[in-house]
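Next up, data22.txt (compact mmCIF, C-alpha atoms):
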```txt
# COMPACT_ATOMS: atom_id res chain seq x y z
CA MET A 1216 -12.21 -10.85 23.80
CA LYS A 1217 -13.35 -7.68 25.52
CA VAL A 1218 -16.85 -6.24 25.12
CA VAL A 1219 -16.85 -2.61 26.24
CA LYS A 1220 -19.02 0.48 26.05
CA ALA A 1221 -17.73 3.42 24.05
CA ALA A 1222 -17.22 5.48 27.22
CA GLU A 1223 -14.83 2.81 28.52
CA VAL A 1224 -12.71 2.66 25.38
CA ASN A 1225 -9.15 3.85 25.83
CA MET A 1226 -8.55 5.50 22.46
CA LYS A 1227 -4.92 6.09 23.38
CA ASP A 1228 -4.37 2.34 23.65
CA LEU A 1229 -6.19 1.74 20.38
CA LEU A 1230 -3.96 4.25 18.62
CA GLN A 1231 -0.64 3.10 20.11
CA ARG A 1232 0.25 0.79 17.25
CA ARG A 1233 3.27 2.87 16.21
CA ALA A 1234 4.98 2.66 19.59
CA LYS A 1235 5.88 -0.95 18.92
CA LEU A 1236 7.35 0.05 15.57
CA GLU A 1237 9.65 2.63 17.17
CA ARG A 1238 10.98 0.05 19.62
CA THR A 1239 11.80 -2.28 16.72
CA LYS A 1240 13.91 0.21 14.75
CA GLU A 1241 17.14 -0.15 16.75
CA LYS A 1242 17.37 -3.88 16.10
CA VAL A 1243 16.46 -3.41 12.45
CA GLN A 1244 19.13 -0.74 11.87
CA GLU A 1245 21.79 -3.30 12.82
CA ILE A 1246 20.42 -5.71 10.20
CA ILE A 1247 20.36 -3.03 7.52
CA ASP A 1248 23.95 -1.97 8.25
CA LEU A 1249 25.11 -5.58 8.08
CA VAL A 1250 23.52 -6.13 4.65
CA LYS A 1251 24.88 -2.82 3.33
CA HIS A 1252 28.44 -3.77 4.29
CA LYS A 1253 28.51 -7.54 3.74
CA GLY A 1254 25.94 -8.11 0.95
CA ASP A 1255 25.20 -11.76 0.17
CA SER A 1256 27.23 -13.10 3.10
CA ALA A 1257 24.99 -11.11 5.46
CA ILE A 1258 21.92 -12.64 3.79
CA PHE A 1259 23.23 -16.16 4.38
CA GLU A 1260 24.15 -15.30 7.97
CA LEU A 1261 20.82 -13.64 8.82
CA THR A 1262 18.73 -16.33 7.12
CA ALA A 1263 20.48 -18.96 9.23
CA LYS A 1264 19.89 -16.88 12.36
CA PHE A 1265 16.24 -15.91 11.86
CA ASP A 1266 14.80 -18.55 9.51
CA LYS A 1267 16.97 -21.44 10.75
CA VAL A 1268 17.90 -22.32 7.16
CA GLU A 1269 21.35 -22.78 5.64
CA LEU A 1270 20.83 -21.52 2.11
CA LYS A 1271 22.99 -22.75 -0.76
CA THR A 1272 21.79 -20.09 -3.18
CA ILE A 1273 19.76 -16.91 -2.74
CA GLN A 1274 18.00 -16.71 -6.11
CA VAL A 1275 15.25 -19.14 -7.10
CA SER A 1276 16.33 -20.83 -10.34
CA GLN A 1277 14.13 -21.10 -13.40
CA LYS A 1278 14.22 -24.87 -12.93
CA GLU A 1279 12.79 -24.48 -9.42
CA ILE A 1280 10.08 -22.18 -10.76
CA ASP A 1281 9.10 -24.57 -13.56
CA GLU A 1282 9.00 -27.56 -11.22
CA ALA A 1283 6.90 -25.64 -8.69
CA VAL A 1284 4.40 -24.53 -11.34
CA ALA A 1285 4.06 -28.14 -12.54
CA ARG A 1286 3.13 -29.22 -9.01
CA VAL A 1287 0.37 -26.61 -8.54
CA PRO A 1288 -3.11 -28.14 -9.11
CA GLU A 1289 -5.06 -26.90 -12.13
CA ASN A 1290 -7.92 -25.52 -10.03
CA VAL A 1291 -5.43 -23.34 -8.15
CA LYS A 1292 -3.94 -22.09 -11.42
CA GLU A 1293 -7.44 -21.26 -12.65
CA ALA A 1294 -8.11 -19.29 -9.45
CA LEU A 1295 -4.83 -17.40 -9.89
CA HIS A 1296 -5.79 -16.53 -13.48
CA VAL A 1297 -9.16 -15.10 -12.34
CA CYS A 1298 -7.48 -13.02 -9.61
CA ILE A 1299 -4.83 -11.70 -12.02
CA ASP A 1300 -7.41 -10.85 -14.66
CA ASN A 1301 -9.74 -8.98 -12.28
CA VAL A 1302 -6.91 -7.05 -10.62
CA ARG A 1303 -5.44 -6.15 -14.02
CA LYS A 1304 -8.79 -4.88 -15.34
CA PHE A 1305 -9.36 -2.71 -12.28
CA HIS A 1306 -5.88 -1.19 -12.22
CA MET A 1307 -5.79 -0.58 -15.96
CA SER A 1308 -9.01 1.40 -15.49
CA LEU A 1309 -7.20 3.62 -12.96
CA ARG A 1310 -4.55 4.79 -15.41
CA GLU A 1311 -4.71 8.56 -15.75
CA ASN A 1312 -6.24 10.18 -18.82
CA PRO A 1313 -3.88 11.91 -21.26
CA PRO A 1314 -2.65 15.33 -20.08
CA GLU A 1315 -5.12 18.17 -20.52
CA PHE A 1316 -4.24 21.43 -22.23
CA ARG A 1317 -5.80 24.81 -21.54
CA GLY A 1318 -5.59 28.38 -22.77
CA GLU A 1319 -4.64 29.76 -26.15
CA GLY A 1320 -1.09 30.65 -25.23
CA ILE A 1321 -0.20 27.99 -22.70
CA GLU A 1322 0.01 24.21 -22.79
CA LEU A 1323 0.08 22.31 -19.50
CA GLY A 1324 0.18 18.66 -18.60
CA ARG A 1325 1.89 15.71 -16.96
CA LEU A 1326 4.11 12.95 -18.26
CA PHE A 1327 3.50 9.56 -16.67
CA VAL A 1328 6.88 7.83 -16.63
CA PRO A 1329 6.94 4.30 -15.18
CA LEU A 1330 9.60 3.34 -12.68
CA ASP A 1331 12.39 1.19 -14.10
CA SER A 1332 12.51 -1.32 -11.23
CA VAL A 1333 10.36 -2.31 -8.27
CA GLY A 1334 10.95 -4.68 -5.37
CA ILE A 1335 8.05 -6.63 -3.87
CA TYR A 1336 8.14 -8.07 -0.39
CA VAL A 1337 5.94 -11.16 -0.05
CA PRO A 1338 5.46 -12.34 3.56
CA GLY A 1339 5.94 -16.01 4.37
CA GLY A 1340 6.62 -18.29 7.28
CA LYS A 1341 3.16 -18.72 8.81
CA ALA A 1342 1.30 -18.70 5.48
CA ASN A 1343 1.73 -18.48 1.72
CA TYR A 1344 0.64 -15.27 -0.01
CA PRO A 1345 0.42 -15.60 -3.80
CA SER A 1346 -2.23 -12.87 -3.65
CA THR A 1347 0.42 -10.39 -2.52
CA VAL A 1348 2.47 -11.20 -5.62
CA ILE A 1349 -0.59 -10.39 -7.74
CA MET A 1350 -1.66 -7.25 -5.86
CA ALA A 1351 1.82 -5.73 -5.98
CA SER A 1352 3.02 -6.77 -9.43
CA ILE A 1353 -0.07 -6.31 -11.61
CA PRO A 1354 -0.42 -2.55 -10.91
CA ALA A 1355 3.33 -2.23 -11.55
CA ARG A 1356 2.95 -4.02 -14.88
CA ALA A 1357 -0.08 -1.86 -15.70
CA ALA A 1358 2.13 1.20 -15.19
CA GLY A 1359 4.84 -0.22 -17.46
CA VAL A 1360 7.51 -1.24 -14.93
CA LYS A 1361 10.01 -3.50 -16.68
CA THR A 1362 12.02 -5.06 -13.84
CA ILE A 1363 10.19 -6.58 -10.85
CA VAL A 1364 12.07 -8.31 -8.03
CA VAL A 1365 10.38 -10.50 -5.41
CA CYS A 1366 11.85 -11.29 -1.99
CA THR A 1367 10.13 -13.81 0.25
CA PRO A 1368 11.28 -15.91 3.23
CA PRO A 1369 12.29 -19.54 2.57
CA ASP A 1370 10.60 -22.41 4.35
CA LYS A 1371 12.43 -24.79 6.68
CA ASP A 1372 13.76 -26.67 3.65
CA GLY A 1373 15.13 -23.52 2.05
CA LYS A 1374 12.41 -23.39 -0.62
CA VAL A 1375 9.73 -20.94 -1.70
CA SER A 1376 6.08 -21.97 -1.81
CA ASP A 1377 5.01 -23.58 -5.10
CA VAL A 1378 1.92 -21.41 -5.39
CA VAL A 1379 3.89 -18.20 -4.77
CA LEU A 1380 6.29 -19.18 -7.56
CA ALA A 1381 3.35 -20.05 -9.84
CA ALA A 1382 1.74 -16.66 -9.20
CA ALA A 1383 5.06 -14.93 -9.89
CA GLN A 1384 5.51 -16.72 -13.20
CA MET A 1385 1.94 -15.94 -14.26
CA CYS A 1386 2.66 -12.28 -13.49
CA GLY A 1387 5.81 -12.38 -15.61
CA ILE A 1388 8.33 -12.35 -12.75
CA ASN A 1389 11.47 -14.51 -12.71
CA LEU A 1390 13.73 -12.54 -10.33
CA ILE A 1391 12.76 -14.23 -7.06
CA PHE A 1392 14.97 -14.41 -3.98
CA LYS A 1393 14.79 -16.51 -0.81
CA VAL A 1394 15.20 -13.58 1.55
CA GLY A 1395 12.81 -12.48 4.28
CA GLY A 1396 12.48 -9.88 7.00
CA ALA A 1397 14.41 -6.65 7.34
CA GLN A 1398 17.35 -8.16 5.46
CA ALA A 1399 15.17 -8.47 2.33
CA ILE A 1400 14.28 -4.78 2.47
CA ALA A 1401 17.93 -3.83 2.91
CA ALA A 1402 18.98 -6.09 0.01
CA MET A 1403 16.48 -4.50 -2.38
CA ALA A 1404 17.25 -0.99 -1.13
CA TYR A 1405 21.03 -1.17 -1.51
CA GLY A 1406 21.65 -4.23 -3.66
CA THR A 1407 23.95 -7.18 -2.95
CA GLN A 1408 26.11 -9.34 -5.19
CA THR A 1409 22.94 -11.28 -6.12
CA VAL A 1410 19.90 -9.14 -5.31
CA PRO A 1411 19.56 -6.06 -7.56
CA LYS A 1412 18.95 -2.60 -6.15
CA VAL A 1413 15.49 -1.24 -7.04
CA GLN A 1414 13.89 2.19 -7.25
CA LYS A 1415 10.92 1.41 -5.00
CA ILE A 1416 9.89 -1.29 -2.51
CA VAL A 1417 6.27 -2.26 -1.88
CA GLY A 1418 4.40 -4.93 0.02
CA PRO A 1419 3.21 -5.81 3.53
CA GLY A 1420 5.17 -7.48 6.28
CA SER A 1421 5.97 -7.84 9.95
CA MET A 1422 6.97 -4.99 12.24
CA PHE A 1423 10.60 -5.72 11.29
CA VAL A 1424 9.78 -5.29 7.60
CA VAL A 1425 7.81 -2.09 8.21
CA ALA A 1426 10.58 -0.66 10.40
CA ALA A 1427 13.15 -1.50 7.71
CA LYS A 1428 11.09 0.29 5.05
CA GLU A 1429 10.95 3.40 7.22
CA LEU A 1430 14.70 3.31 7.81
CA VAL A 1431 15.64 3.00 4.11
CA ARG A 1432 13.08 5.46 2.73
CA ASN A 1433 15.68 8.21 2.28
CA ASP A 1434 17.61 5.96 -0.11
CA VAL A 1435 14.81 4.18 -1.97
CA GLY A 1436 11.12 4.74 -2.61
CA VAL A 1437 8.72 2.82 -0.37
CA ASP A 1438 4.95 2.56 -0.34
CA PHE A 1439 3.68 2.91 3.23
CA MET A 1440 3.28 1.14 6.53
CA ALA A 1441 1.60 -2.14 5.62
CA GLY A 1442 2.01 -4.19 8.74
CA PRO A 1443 -0.19 -6.63 10.66
CA SER A 1444 -3.75 -6.88 9.33
CA GLU A 1445 -6.50 -4.62 10.69
CA ILE A 1446 -10.28 -4.54 10.47
CA VAL A 1447 -13.03 -2.39 11.93
CA ILE A 1448 -16.57 -3.71 11.46
CA ILE A 1449 -19.52 -1.41 12.07
CA ALA A 1450 -22.76 -3.36 12.52
CA ASP A 1451 -26.35 -2.52 13.41
CA GLU A 1452 -29.35 -4.71 14.23
CA SER A 1453 -29.74 -5.61 10.53
CA ALA A 1454 -26.33 -7.34 10.45
CA ASN A 1455 -25.90 -11.08 10.49
CA PRO A 1456 -23.83 -11.86 13.64
CA ALA A 1457 -22.41 -14.97 11.97
CA PHE A 1458 -21.02 -12.89 9.09
CA VAL A 1459 -19.52 -10.34 11.47
CA ALA A 1460 -17.84 -13.04 13.54
CA ALA A 1461 -16.54 -14.76 10.42
CA ASP A 1462 -14.92 -11.54 9.18
CA MET A 1463 -13.32 -10.97 12.57
CA LEU A 1464 -11.80 -14.43 12.57
CA ALA A 1465 -10.69 -14.07 8.95
CA GLN A 1466 -8.47 -11.14 9.93
CA ALA A 1467 -7.43 -12.58 13.28
CA GLU A 1468 -5.97 -15.73 11.68
CA HIS A 1469 -3.39 -13.64 9.76
CA ASP A 1470 -1.14 -12.88 12.68
CA GLU A 1471 -1.04 -12.71 16.46
CA ASP A 1472 -0.62 -8.94 16.09
CA ALA A 1473 -3.73 -8.52 13.91
CA PHE A 1474 -6.04 -5.71 15.03
CA VAL A 1475 -9.74 -6.66 15.14
CA VAL A 1476 -12.47 -4.29 16.34
CA THR A 1477 -16.23 -4.51 15.89
CA ILE A 1478 -18.46 -1.55 16.75
CA VAL A 1479 -22.17 -2.21 17.35
CA ASP A 1480 -25.12 -0.08 18.38
CA SER A 1481 -26.64 -2.49 20.89
CA GLU A 1482 -25.47 -4.72 23.73
CA ALA A 1483 -27.71 -7.51 22.43
CA LEU A 1484 -25.84 -7.54 19.11
CA ALA A 1485 -22.49 -7.44 20.92
CA LYS A 1486 -23.47 -10.55 22.86
CA LYS A 1487 -24.58 -12.39 19.69
CA VAL A 1488 -21.37 -11.52 17.84
CA ASN A 1489 -19.22 -12.62 20.77
CA GLU A 1490 -21.09 -15.93 21.00
CA GLU A 1491 -20.59 -16.48 17.28
CA VAL A 1492 -16.85 -15.78 17.56
CA ILE A 1493 -16.52 -18.37 20.32
CA LYS A 1494 -18.58 -20.89 18.32
CA GLN A 1495 -16.80 -20.37 15.01
CA MET A 1496 -13.35 -20.32 16.60
CA GLU A 1497 -13.59 -24.10 16.93
CA GLU A 1498 -13.72 -24.40 13.14
CA VAL A 1499 -10.61 -22.27 12.50
CA PRO A 1500 -7.51 -24.38 11.80
CA LYS A 1501 -5.29 -21.51 12.97
CA LYS A 1502 -7.19 -21.25 16.23
CA ALA A 1503 -4.03 -20.60 18.28
CA ILE A 1504 -3.10 -17.54 16.20
CA ALA A 1505 -6.66 -16.21 15.93
CA SER A 1506 -7.39 -16.56 19.64
CA LYS A 1507 -4.14 -14.86 20.59
CA SER A 1508 -4.89 -12.00 18.21
CA LEU A 1509 -8.37 -11.46 19.63
CA GLU A 1510 -7.04 -11.70 23.17
CA LYS A 1511 -4.40 -9.01 22.51
CA ASN A 1512 -6.13 -6.69 20.04
CA GLY A 1513 -9.77 -7.76 19.78
CA GLN A 1514 -12.68 -5.66 21.04
CA ILE A 1515 -16.41 -5.32 20.58
CA ILE A 1516 -17.38 -1.74 21.32
CA VAL A 1517 -20.98 -0.76 22.09
CA VAL A 1518 -21.95 2.76 20.97
CA LYS A 1519 -25.12 4.81 21.26
CA ASP A 1520 -25.50 5.28 17.48
CA LEU A 1521 -23.77 4.87 14.12
CA ASP A 1522 -22.45 8.43 14.16
CA GLU A 1523 -20.41 7.59 17.24
CA ALA A 1524 -19.30 4.35 15.58
CA MET A 1525 -18.12 6.29 12.55
CA HIS A 1526 -16.24 8.77 14.72
CA ILE A 1527 -14.29 5.97 16.42
CA SER A 1528 -13.57 4.29 13.11
CA ASN A 1529 -12.24 7.50 11.56
CA GLU A 1530 -9.97 7.95 14.57
CA ILE A 1531 -8.61 4.43 14.16
CA ALA A 1532 -8.25 4.78 10.35
CA PRO A 1533 -8.36 1.00 9.78
CA GLU A 1534 -6.86 -0.95 6.92
CA HIS A 1535 -10.25 -2.61 6.26
CA LEU A 1536 -13.62 -1.09 7.17
CA SER A 1537 -16.70 -3.27 6.84
CA LEU A 1538 -20.11 -1.55 6.98
CA ASN A 1539 -22.59 -4.27 7.94
CA VAL A 1540 -25.50 -1.89 8.35
CA ARG A 1541 -28.94 -1.36 6.86
CA SER A 1542 -27.86 1.65 4.75
CA PRO A 1543 -24.13 1.20 4.05
CA ARG A 1544 -23.99 3.80 1.27
CA LYS A 1545 -25.36 6.45 3.61
CA LEU A 1546 -22.67 5.60 6.15
CA LEU A 1547 -20.02 5.53 3.41
CA GLU A 1548 -20.50 9.29 3.00
CA LYS A 1549 -19.16 9.73 6.55
CA VAL A 1550 -15.99 7.71 6.03
CA LYS A 1551 -12.96 9.99 6.34
CA SER A 1552 -10.12 7.52 6.95
CA ALA A 1553 -9.90 3.89 5.83
CA GLY A 1554 -7.78 1.81 3.49
CA SER A 1555 -10.65 -0.02 1.78
CA VAL A 1556 -14.38 -0.09 2.55
CA PHE A 1557 -16.73 -3.05 2.17
CA LEU A 1558 -20.45 -2.35 1.91
CA GLY A 1559 -23.15 -4.69 3.19
CA ASP A 1560 -23.41 -8.28 4.35
CA TYR A 1561 -22.08 -9.91 1.20
CA SER A 1562 -19.05 -7.70 0.55
CA ALA A 1563 -16.74 -10.08 2.36
CA VAL A 1564 -13.29 -8.68 3.03
CA ALA A 1565 -11.88 -12.03 1.92
CA ALA A 1566 -13.26 -11.43 -1.59
CA GLY A 1567 -11.37 -8.14 -1.72
CA ASP A 1568 -8.24 -9.87 -0.46
CA TYR A 1569 -8.12 -11.97 -3.61
CA CYS A 1570 -10.13 -11.14 -6.65
CA THR A 1571 -12.66 -8.30 -6.72
CA GLY A 1572 -10.03 -5.98 -8.22
CA PRO A 1573 -9.05 -3.21 -5.77
CA ASN A 1574 -5.75 -3.69 -3.98
CA HIS A 1575 -5.37 -5.46 -0.67
CA ILE A 1576 -2.01 -3.80 0.08
CA LEU A 1577 -3.31 -1.00 2.28
CA PRO A 1578 -1.95 1.40 4.91
CA THR A 1579 -2.07 0.23 8.52
CA GLY A 1580 -1.20 1.73 11.88
CA GLY A 1581 -3.33 4.81 11.22
CA GLY A 1582 -1.65 5.53 7.89
CA ALA A 1583 -5.04 5.72 6.16
CA ARG A 1584 -5.55 9.14 7.73
CA ALA A 1585 -3.27 10.58 5.08
CA ILE A 1586 -2.50 8.03 2.37
CA SER A 1587 -4.27 5.59 0.07
CA GLY A 1588 -3.85 1.92 -0.78
CA LEU A 1589 -1.44 0.67 -3.43
CA SER A 1590 -2.46 1.32 -7.04
CA VAL A 1591 -1.06 1.86 -10.51
CA ASP A 1592 -0.32 5.48 -9.51
CA ASP A 1593 2.39 4.29 -7.12
CA PHE A 1594 4.52 3.04 -10.01
CA PHE A 1595 4.59 6.22 -12.06
CA LYS A 1596 6.77 9.26 -11.75
CA LYS A 1597 4.55 12.20 -12.63
CA ILE A 1598 6.54 14.87 -14.43
CA TYR A 1599 4.83 18.18 -15.09
CA TYR A 1600 5.51 20.17 -18.23
CA GLN A 1601 4.47 23.53 -19.66
CA ASN A 1602 4.85 25.34 -22.95
CA VAL A 1603 4.28 29.11 -22.73
CA SER A 1604 3.87 31.36 -25.75
CA LYS A 1605 5.43 34.83 -26.06
CA GLU A 1606 2.06 36.50 -25.71
CA GLU A 1607 1.09 34.48 -22.64
CA LEU A 1608 4.42 35.27 -20.96
CA ARG A 1609 3.87 38.97 -21.68
CA LYS A 1610 0.44 38.75 -20.00
CA LEU A 1611 1.88 36.99 -16.95
CA SER A 1612 5.07 39.05 -16.70
CA LYS A 1613 3.78 41.68 -14.27
CA THR A 1614 2.47 39.02 -11.88
CA VAL A 1615 5.66 36.94 -12.04
CA MET A 1616 7.96 39.94 -11.55
CA THR A 1617 5.89 41.27 -8.64
CA MET A 1618 6.04 37.90 -6.86
CA ALA A 1619 9.77 37.59 -7.53
CA HIS A 1620 10.45 40.98 -5.94
CA VAL A 1621 8.21 40.10 -2.95
CA GLU A 1622 10.33 37.01 -2.33
CA GLY A 1623 13.61 38.85 -2.87
CA LEU A 1624 14.50 36.80 -5.95
CA ASP A 1625 15.49 39.56 -8.32
CA ALA A 1626 17.17 37.25 -10.81
CA HIS A 1627 13.80 35.59 -11.30
CA ALA A 1628 12.39 38.95 -12.34
CA LEU A 1629 15.38 39.60 -14.59
CA SER A 1630 14.78 36.31 -16.38
CA ILE A 1631 11.38 37.66 -17.36
CA GLU A 1632 12.72 41.12 -18.28
CA ARG A 1633 15.26 39.61 -20.69
CA ARG A 1634 12.46 37.86 -22.52
CA LEU A 1635 10.27 40.97 -22.55
CA GLU A 1636 13.07 42.87 -24.28
CA LYS A 1637 13.08 40.23 -27.01
CA ILE A 1638 9.29 40.25 -27.25
CA HIS A 1639 9.18 44.05 -27.58
CA VAL A 1640 11.82 43.98 -30.35
CA ALA A 1641 9.85 41.37 -32.27
CA HIS A 1642 6.52 43.06 -31.59
CA PRO A 1643 6.96 46.84 -31.14
CA PRO A 1644 4.27 48.57 -29.06
CA GLU A 1645 1.35 49.83 -31.11
CA LYS A 1646 0.43 53.50 -31.62
CA PRO A 1647 -3.02 54.58 -30.51
CA ASN A 1648 -4.27 54.21 -34.09
CA GLY A 1649 -3.19 50.55 -34.08
CA LYS A 1650 -0.17 50.97 -36.40
CA PRO A 1651 3.36 50.07 -35.26
CA LYS A 1652 5.53 52.90 -33.96
CA ASP A 1653 8.43 54.00 -36.15
CA LYS A 1654 11.77 52.58 -35.16
```
Please, can you express the file's structure as structure tokens?
Amino acid sequence: MKVVKAAEVNMKDLLQRRAKLERTKEKVQEIIDLVKHKGDSAIFELTAKFDKVELKTIQVSQKEIDEAVARVPENVKEALHVCIDNVRKFHMSLRENPPEFRGEGIELGRLFVPLDSVGIYVPGGKANYPSTVIMASIPARAAGVKTIVVCTPPDKDGKVSDVVLAAAQMCGINLIFKVGGAQAIAAMAYGTQTVPKVQKIVGPGSMFVVAAKELVRNDVGVDFMAGPSEIVIIADESANPAFVAADMLAQAEHDEDAFVVTIVDSEALAKKVNEEVIKQMEEVPKKAIASKSLEKNGQIIVVKDLDEAMHISNEIAPEHLSLNVRSPRKLLEKVKSAGSVFLGDYSAVAAGDYCTGPNHILPTGGGARAISGLSVDDFFKKIYYQNVSKEELRKLSKTVMTMAHVEGLDAHALSIERRLEKIHVAHPPEKPNGKPKDK
């Protein structure tokens, strides 16, 4: 892993994560077109090609779900219950307040209408992610979504992880399909003979999954780019190097494409963190993945002060930002772009990944410059409404008609004039003495 000074950092290289996505799109478009035209038969064909599995059925049966749940140890079920409960409490607290009304003659507000159906992509293959089921489905349930579909890659035996199925059942989901990659996104976007079409697709995945979501976004709602995991850690001399190294490895073990950067304000701390990474790497079961990730995308950057560290972090706009500094709240005020922020030594990113409450499905690839992580808001359609009284329209009429004429939309102005005629008939103009004029 490279240790470099800030002046040596090639910010262009750090910010080139989208280039890889663009190169992936051509291959993914072929997959999407195949699923659109051939439906289930394309799913069987692509699963055999990419997952090396000859599926007999695409949907997970209720019998398979029940048997899987029975095999999950009780301590794991208890952990799932805690995660579900904490995530539900947090996302229920985010639900918007009832619409507000203002003014005597005008009533304004928003209707919060839940989506009818949502598709969740749950990554698989190298690991099992029941937490993704929870993080995606619980906010949807909190919003009132009725139909939730899960697509996840099958294992080499053509099955879905027991713990993923257990998490799905605990979240009230029984529409689960053994479909992974870009073909899963296409199936949920357009529907097949077995997989239902949904209104919106959410969830993280590989570059192929992210590229597929971008390519179908004109036909179905999608959340955002949630690709390979990312972390930026900002640490000063008060940080525990062992904690910093542990958080780096925790993200690096996700995927060989994980993005792991630590920014420190002293070369001495950089050396200690690097030594800890090397030491702790020996304890990581997924050492091959973690080491490859750090080799490709790992850096320790030495800066002159925390202001410079914050500037680099805001440019990167990381999925996870960990502030391992003496005064994390002070530094929090300078955060402009990040998916989720973790304050202090004991706010482990891993805790947020599972059960503190906020979502772990977060924008990557610089997306945090403009968008936020997944929440209950993503599962509502917000419909504005207004109720204007005669008197209020009369007050606003001059303004509306002036603007309509400025924009060359005379029929807009006429729509107001027609109403004014009715208002004047119902309420004749008053004489100077306050009595109505004679007709």
Find the residues near Ile1478 (chain A): any atom within 9 Å, counting only C-alpha atoms, skip ones fewer than 6 places away on the same chain, and give them as a VMD selection string. chain A and resid 1221 1447 to 1451 1485 1514 to 1518 1521 1524 to 1525 1527 to 1528
Across A:Arg1356, A:Lys1278, A:Lys1412, A:Arg1544, the smallest distance to Val1302 (chain A), with only C-alpha atoms counted, is shown by A:Arg1356
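For the atom pair formed by CA of Pro1533 (chain A) and CA of Met1440 (chain A), the distance is 12.1 Å, given to one decimal.
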In Å to one decimal, how far is CA of Glu1429 (chain A) from CA of Thr1362 (chain A)?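 Pair CA of Thr1362 (chain A) / CA of Glu1429 (chain A) returns 22.7 Å.
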What's the 12 Å shell around Arg1238 (chain A), counting all atoms listed in the file, without same-chain residues fewer than 6 positions away, as a VMD selection string? chain A and resid 1232 1244 1422 to 1423 1426
From the options A:Asp1372, A:Glu1282, A:Lys1217, A:Ser1352, which residue's atoms come nearest to Thr1262 (chain A), counting all atoms listed in the file? A:Asp1372
Mind running region 1389-1419 of chain A against region 1583-1595 of chain A at 12 Å and telling me each contacting residue's nearest atom pair with the distance in Å (one decimal), counting only C-alpha atoms, chain and number ascending, as a tab-separated table?
```
residue	atom	partner	partner_atom	distance
A:Gln1414	CA	A:Phe1594	CA	9.8
A:Lys1415	CA	A:Phe1594	CA	8.3
A:Ile1416	CA	A:Phe1594	CA	10.2
A:Val1417	CA	A:Leu1589	CA	8.4
A:Gly1418	CA	A:Leu1589	CA	8.8
A:Pro1419	CA	A:Leu1589	CA	10.6
```
Ranking A:Gly1554, A:Pro1288, A:Pro1500, A:Gly1513 by minimum distance to Val1219 (chain A) and counting all atoms listed in the file, which one comes first?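 Of A:Gly1554, A:Pro1288, A:Pro1500, A:Gly1513, the one nearest Val1219 (chain A), counting all atoms listed in the file, is A:Gly1513.
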Give the padded box for region 1381-1388 of chain A as JSON: axis-aligned, covering all atoms listed in the file, 3 Å on each side, centre and edge lengths in Å to one decimal.
```
{"center_x": 5.0, "center_y": -16.2, "center_z": -12.4, "size_x": 12.6, "size_y": 13.8, "size_z": 12.4}
```
Interatomic distance (Å, one decimal) between CA of His1526 (chain A) and CA of Gly1420 (chain A):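 Atom-to-atom, CA of His1526 (chain A) to CA of Gly1420 (chain A), that is 28.2 Å.
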So which residues touch region 1626-1642 of chain A within 9 Å, counting all atoms listed in the file, skipping near sequence neighbours fewer than 6 positions away, as a ChimeraX atom specification? /A:1605-1606,1608-1609,1612,1615-1620,1651
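Of the listed residues A:Lys1507, A:Lys1494, A:Lys1220, A:Arg1432, the one whose atoms come nearest to Ala1467 (chain A) is A:Lys1507, with distances taken using all atoms listed in the file.
Using all atoms listed in the file, the shortest contact distance between Asp1438 (chain A) and any of A:Pro1345, A:Gly1324, A:Pro1543, A:Gly1334 is found at A:Gly1334.
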Give me, as a PyMOL selection string, all polymer residues having an atom no more than 8 Å from Val1564 (chain A), counting all atoms listed in the file and skipping those fewer than 2 positions away in the same chain. chain A and resi 1462+1535+1537+1557+1562+1566-1568
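Between Glu1468 (chain A) and the candidates A:Ala1454, A:Val1435, A:Ala1505, A:Val1621, the tightest atom-to-atom separation, counting all atoms listed in the file, involves A:Ala1505.
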Which residues come within 12 Å of Gly1396 (chain A), counting all atoms listed in the file, excluding same-chain residues fewer than 3 positions away, as a VMD selection string? chain A and resid 1242 to 1243 1246 to 1247 1250 1258 1261 to 1262 1264 to 1266 1336 to 1340 1366 to 1369 1393 1399 to 1403 1418 to 1428
Complete region 1269-1275 of chain A with N, CA and C atoms (output as an mmCIF file, in the coordinates of the input).
```cif
data_model
loop_
_atom_site.group_PDB
_atom_site.id
_atom_site.type_symbol
_atom_site.label_atom_id
_atom_site.label_comp_id
_atom_site.auth_asym_id
_atom_site.auth_seq_id
_atom_site.Cartn_x
_atom_site.Cartn_y
_atom_site.Cartn_z
ATOM 1 N N GLU A 1269 20.039 -22.983 6.260
ATOM 2 C CA GLU A 1269 21.350 -22.780 5.640
ATOM 3 C C GLU A 1269 21.154 -22.795 4.133
ATOM 4 N N LEU A 1270 21.070 -21.613 3.547
ATOM 5 C CA LEU A 1270 20.830 -21.520 2.110
ATOM 6 C C LEU A 1270 22.091 -21.871 1.319
ATOM 7 N N LYS A 1271 21.882 -22.502 0.158
ATOM 8 C CA LYS A 1271 22.990 -22.750 -0.760
ATOM 9 C C LYS A 1271 23.055 -21.646 -1.812
ATOM 10 N N THR A 1272 21.876 -21.203 -2.237
ATOM 11 C CA THR A 1272 21.790 -20.090 -3.180
ATOM 12 C C THR A 1272 20.670 -19.159 -2.727
ATOM 13 N N ILE A 1273 20.775 -17.894 -3.128
ATOM 14 C CA ILE A 1273 19.760 -16.910 -2.740
ATOM 15 C C ILE A 1273 18.648 -16.828 -3.775
ATOM 16 N N GLN A 1274 19.004 -16.857 -5.046
ATOM 17 C CA GLN A 1274 18.000 -16.710 -6.110
ATOM 18 C C GLN A 1274 17.319 -18.031 -6.419
ATOM 19 N N VAL A 1275 16.015 -17.971 -6.653
ATOM 20 C CA VAL A 1275 15.250 -19.140 -7.100
ATOM 21 C C VAL A 1275 15.556 -19.355 -8.581
#
```
